[in-house]
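Please read the structure below before turning to the comments.
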Amino acid sequence: SSLIMKRTASDSDAVEGGVDVKRQKALTLASSVSSSSSSSLSVASRLKEIMRAAPKRTSGLKAPTMLLTGHEGEVLCVSFSPSGETLASASTDQQILLWNVYGDCGNYCALAGHKKAILDLHYSTDGRKLYSASADKTASMWDAEYGEKIKTMKGHESIVHCCAPVRRGPELVVTGGDDDTIRLWDVRVKKCVHTF
């Protein structure tokens, strides 16, 4: 299965000398239209004006879309690292794949440890850890730098649909499940500290 992001066939098609190729093609088209018909002059001039006024791409990506392949099942969630340099994807194949966003956009790590589909995925604020929620009734904490599972959070009696780390303060994670509970986990003491 493939991710939502799709890379064009050729990197050279995306950006050429800092000018967006689509913009250049539109300008070329406008020039040819204006030279072929005097009645189209106002349309061609307007098209040129619109293309020049459009903002230029500011992304460092080689292409605006990329195709990342590697999962053996449906991709259910993705999450960018806080730095924007890596991307994590999770799937029904019970794996989390880590990807480089820039360059060749290759997969550089596979995290396995859940027994059923992974339904939600989030990076910690500093980007060193990943948190995942799974249909196997658990949530997990992963070391995103070394590709190892740090902790499995067990306590839900049904599918865990979502998880989210606290953005500031102590290292806390909240999970929500089909058992009609929300659980707050303190990673420092490695247990659920409150059930809502």
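Going by the structure tokens order, chains are called A, B, ..., each with residues numbered from 1, while ligands are numbered from 1 in the order shown.
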Mind dumping a table of every range 106-137 of chain A residue within 7 Å of range 145-166 of chain A, with the nearest atom pair and its distance in Å to one decimal, using only C-alpha atoms, sorted by chain and rising number, as a tab-separated table?
residue	atom	partner	partner_atom	distance
A:Cys109	CA	A:Gly147	CA	6.6
A:Leu111	CA	A:Gly147	CA	6.1
A:Leu119	CA	A:His161	CA	5.8
A:Asp120	CA	A:Cys162	CA	5.3
A:His122	CA	A:Ala164	CA	6.4
A:Ser124	CA	A:Pro165	CA	6.2
A:Arg128	CA	A:Glu145	CA	6.0
A:Tyr131	CA	A:Cys163	CA	6.9
A:Ser132	CA	A:Cys163	CA	6.5
A:Ala133	CA	A:Val160	CA	5.5
A:Ser134	CA	A:Val160	CA	5.4
A:Ala135	CA	A:Ile159	CA	4.4
A:Asp136	CA	A:Ile159	CA	6.1
A:Lys137	CA	A:Ile159	CA	4.6
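Among the candidate residues A:Gly127, A:His71, A:Asp143, A:Cys192, the one lying nearest to Thr92 in chain A is A:His71, with distances computed using only C-alpha atoms.
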message: Report as a ChimeraX atom specification all protein, DNA and RNA residues lying within 6 Å of Ser89 in chain A, evaluated on only C-alpha atoms, omitting residues in the same chain fewer than 3 positions from it.
response: /A:77-78,96-97
Judged by only C-alpha atoms, the minimum distance to Arg167 in chain A among A:Ala144, A:Tyr123, A:Leu184, A:Lys115 is found for A:Tyr123
Tell me, which residues of range 90-182 of chain A carry DSSP strand (DSSP E or B), written as a short mmCIF file (atom, residue, chain, number, x, y, z; two decimals) with N, CA and C atoms, in the first residue's frame?
data_model
loop_
_atom_site.label_atom_id
_atom_site.label_comp_id
_atom_site.auth_asym_id
_atom_site.auth_seq_id
_atom_site.Cartn_x
_atom_site.Cartn_y
_atom_site.Cartn_z
N ALA A 90 1.82 4.59 9.73
CA ALA A 90 1.40 3.35 10.38
C ALA A 90 0.26 2.73 9.58
N SER A 91 0.15 1.40 9.72
CA SER A 91 -0.71 0.67 8.80
C SER A 91 -1.41 -0.51 9.46
N GLN A 95 2.92 -2.27 11.38
CA GLN A 95 4.25 -1.67 11.38
C GLN A 95 4.17 -0.15 11.31
N ILE A 96 5.21 0.48 11.85
CA ILE A 96 5.43 1.91 11.70
C ILE A 96 6.67 2.03 10.84
N LEU A 97 6.56 2.79 9.75
CA LEU A 97 7.72 3.02 8.90
C LEU A 97 8.15 4.47 9.04
N LEU A 98 9.45 4.69 9.16
CA LEU A 98 10.01 6.03 9.26
C LEU A 98 10.66 6.38 7.93
N TRP A 99 10.40 7.60 7.46
CA TRP A 99 10.83 8.04 6.13
C TRP A 99 11.61 9.34 6.22
N ASN A 100 12.60 9.50 5.35
CA ASN A 100 13.24 10.79 5.15
C ASN A 100 12.34 11.60 4.24
N ASN A 107 12.68 4.97 3.03
CA ASN A 107 12.34 4.40 4.32
C ASN A 107 13.64 3.99 5.02
N TYR A 108 13.85 4.47 6.24
CA TYR A 108 15.10 4.15 6.93
C TYR A 108 14.91 3.31 8.18
N CYS A 109 13.66 3.02 8.56
CA CYS A 109 13.46 2.22 9.76
C CYS A 109 12.04 1.65 9.77
N ALA A 110 11.90 0.43 10.26
CA ALA A 110 10.59 -0.20 10.44
C ALA A 110 10.46 -0.60 11.91
N LEU A 111 9.37 -0.17 12.54
CA LEU A 111 9.11 -0.50 13.94
C LEU A 111 7.97 -1.52 13.98
N ALA A 112 8.22 -2.65 14.61
CA ALA A 112 7.21 -3.70 14.72
C ALA A 112 7.04 -4.07 16.19
N ILE A 118 -2.40 -0.43 13.53
CA ILE A 118 -2.04 0.79 14.27
C ILE A 118 -2.96 1.90 13.77
N LEU A 119 -3.72 2.50 14.69
CA LEU A 119 -4.77 3.43 14.32
C LEU A 119 -4.40 4.90 14.49
N ASP A 120 -3.39 5.20 15.32
CA ASP A 120 -3.00 6.60 15.53
C ASP A 120 -1.52 6.65 15.86
N LEU A 121 -0.91 7.79 15.58
CA LEU A 121 0.54 7.91 15.69
C LEU A 121 0.90 9.38 15.88
N HIS A 122 1.78 9.67 16.86
CA HIS A 122 2.21 11.05 17.10
C HIS A 122 3.66 11.08 17.58
N TYR A 123 4.39 12.10 17.14
CA TYR A 123 5.74 12.36 17.65
C TYR A 123 5.66 13.14 18.94
N LYS A 129 10.67 10.64 20.36
CA LYS A 129 9.80 9.50 20.65
C LYS A 129 8.58 9.54 19.75
N LEU A 130 8.00 8.36 19.56
CA LEU A 130 6.73 8.19 18.86
C LEU A 130 5.76 7.50 19.79
N TYR A 131 4.49 7.85 19.68
CA TYR A 131 3.45 7.20 20.45
C TYR A 131 2.44 6.63 19.46
N SER A 132 2.03 5.39 19.68
CA SER A 132 1.08 4.76 18.77
C SER A 132 -0.08 4.13 19.54
N ALA A 133 -1.24 4.12 18.89
CA ALA A 133 -2.44 3.48 19.45
C ALA A 133 -2.83 2.36 18.50
N SER A 134 -3.28 1.23 19.07
CA SER A 134 -3.53 0.06 18.24
C SER A 134 -4.84 -0.65 18.57
N THR A 138 -3.64 -1.76 23.10
CA THR A 138 -2.47 -1.15 23.73
C THR A 138 -2.08 0.14 23.02
N ALA A 139 -1.29 0.92 23.72
CA ALA A 139 -0.59 2.06 23.13
C ALA A 139 0.89 1.79 23.40
N SER A 140 1.75 2.32 22.56
CA SER A 140 3.18 2.08 22.74
C SER A 140 3.97 3.37 22.60
N MET A 141 5.11 3.37 23.26
CA MET A 141 6.06 4.47 23.14
C MET A 141 7.32 3.91 22.49
N TRP A 142 7.83 4.61 21.47
CA TRP A 142 8.96 4.14 20.68
C TRP A 142 10.08 5.17 20.70
N ASP A 143 11.31 4.69 20.62
CA ASP A 143 12.46 5.57 20.44
C ASP A 143 12.60 5.80 18.93
N GLU A 148 13.47 1.49 18.57
CA GLU A 148 13.15 0.46 19.56
C GLU A 148 11.90 0.82 20.35
N LYS A 149 11.16 -0.22 20.75
CA LYS A 149 10.01 0.01 21.61
C LYS A 149 10.51 0.28 23.03
N ILE A 150 10.00 1.34 23.65
CA ILE A 150 10.39 1.70 25.01
C ILE A 150 9.39 1.15 26.02
N LYS A 151 8.10 1.27 25.71
CA LYS A 151 7.07 0.91 26.68
C LYS A 151 5.78 0.54 25.97
N THR A 152 5.09 -0.46 26.49
CA THR A 152 3.74 -0.79 26.06
C THR A 152 2.80 -0.41 27.18
N MET A 153 1.78 0.37 26.85
CA MET A 153 0.81 0.84 27.84
C MET A 153 -0.45 -0.02 27.73
N LYS A 154 -0.63 -0.90 28.72
CA LYS A 154 -1.77 -1.82 28.75
C LYS A 154 -2.75 -1.38 29.83
N VAL A 160 -7.79 0.67 21.17
CA VAL A 160 -7.31 2.01 21.49
C VAL A 160 -7.26 2.77 20.16
N HIS A 161 -8.13 3.77 20.04
CA HIS A 161 -8.25 4.50 18.78
C HIS A 161 -7.29 5.67 18.64
N CYS A 162 -6.95 6.31 19.76
CA CYS A 162 -6.15 7.52 19.65
C CYS A 162 -5.20 7.68 20.82
N CYS A 163 -4.17 8.46 20.57
CA CYS A 163 -3.20 8.79 21.60
C CYS A 163 -2.64 10.16 21.29
N ALA A 164 -2.18 10.85 22.33
CA ALA A 164 -1.56 12.16 22.13
C ALA A 164 -0.65 12.47 23.30
N PRO A 165 0.57 12.89 23.02
CA PRO A 165 1.47 13.30 24.10
C PRO A 165 1.17 14.74 24.52
N LEU A 172 3.57 13.10 29.76
CA LEU A 172 2.28 12.44 29.90
C LEU A 172 1.73 12.10 28.52
N VAL A 173 0.96 11.02 28.47
CA VAL A 173 0.31 10.60 27.23
C VAL A 173 -1.14 10.28 27.56
N VAL A 174 -2.05 10.69 26.68
CA VAL A 174 -3.46 10.37 26.87
C VAL A 174 -3.88 9.42 25.75
N THR A 175 -4.71 8.43 26.10
CA THR A 175 -5.21 7.47 25.12
C THR A 175 -6.73 7.39 25.24
N GLY A 176 -7.38 7.08 24.13
CA GLY A 176 -8.82 6.92 24.13
C GLY A 176 -9.20 5.61 23.45
N GLY A 177 -10.15 4.88 24.03
CA GLY A 177 -10.49 3.58 23.49
C GLY A 177 -11.97 3.31 23.38
N ILE A 182 -10.91 7.25 28.76
CA ILE A 182 -9.72 8.01 28.38
C ILE A 182 -8.74 7.79 29.51
#
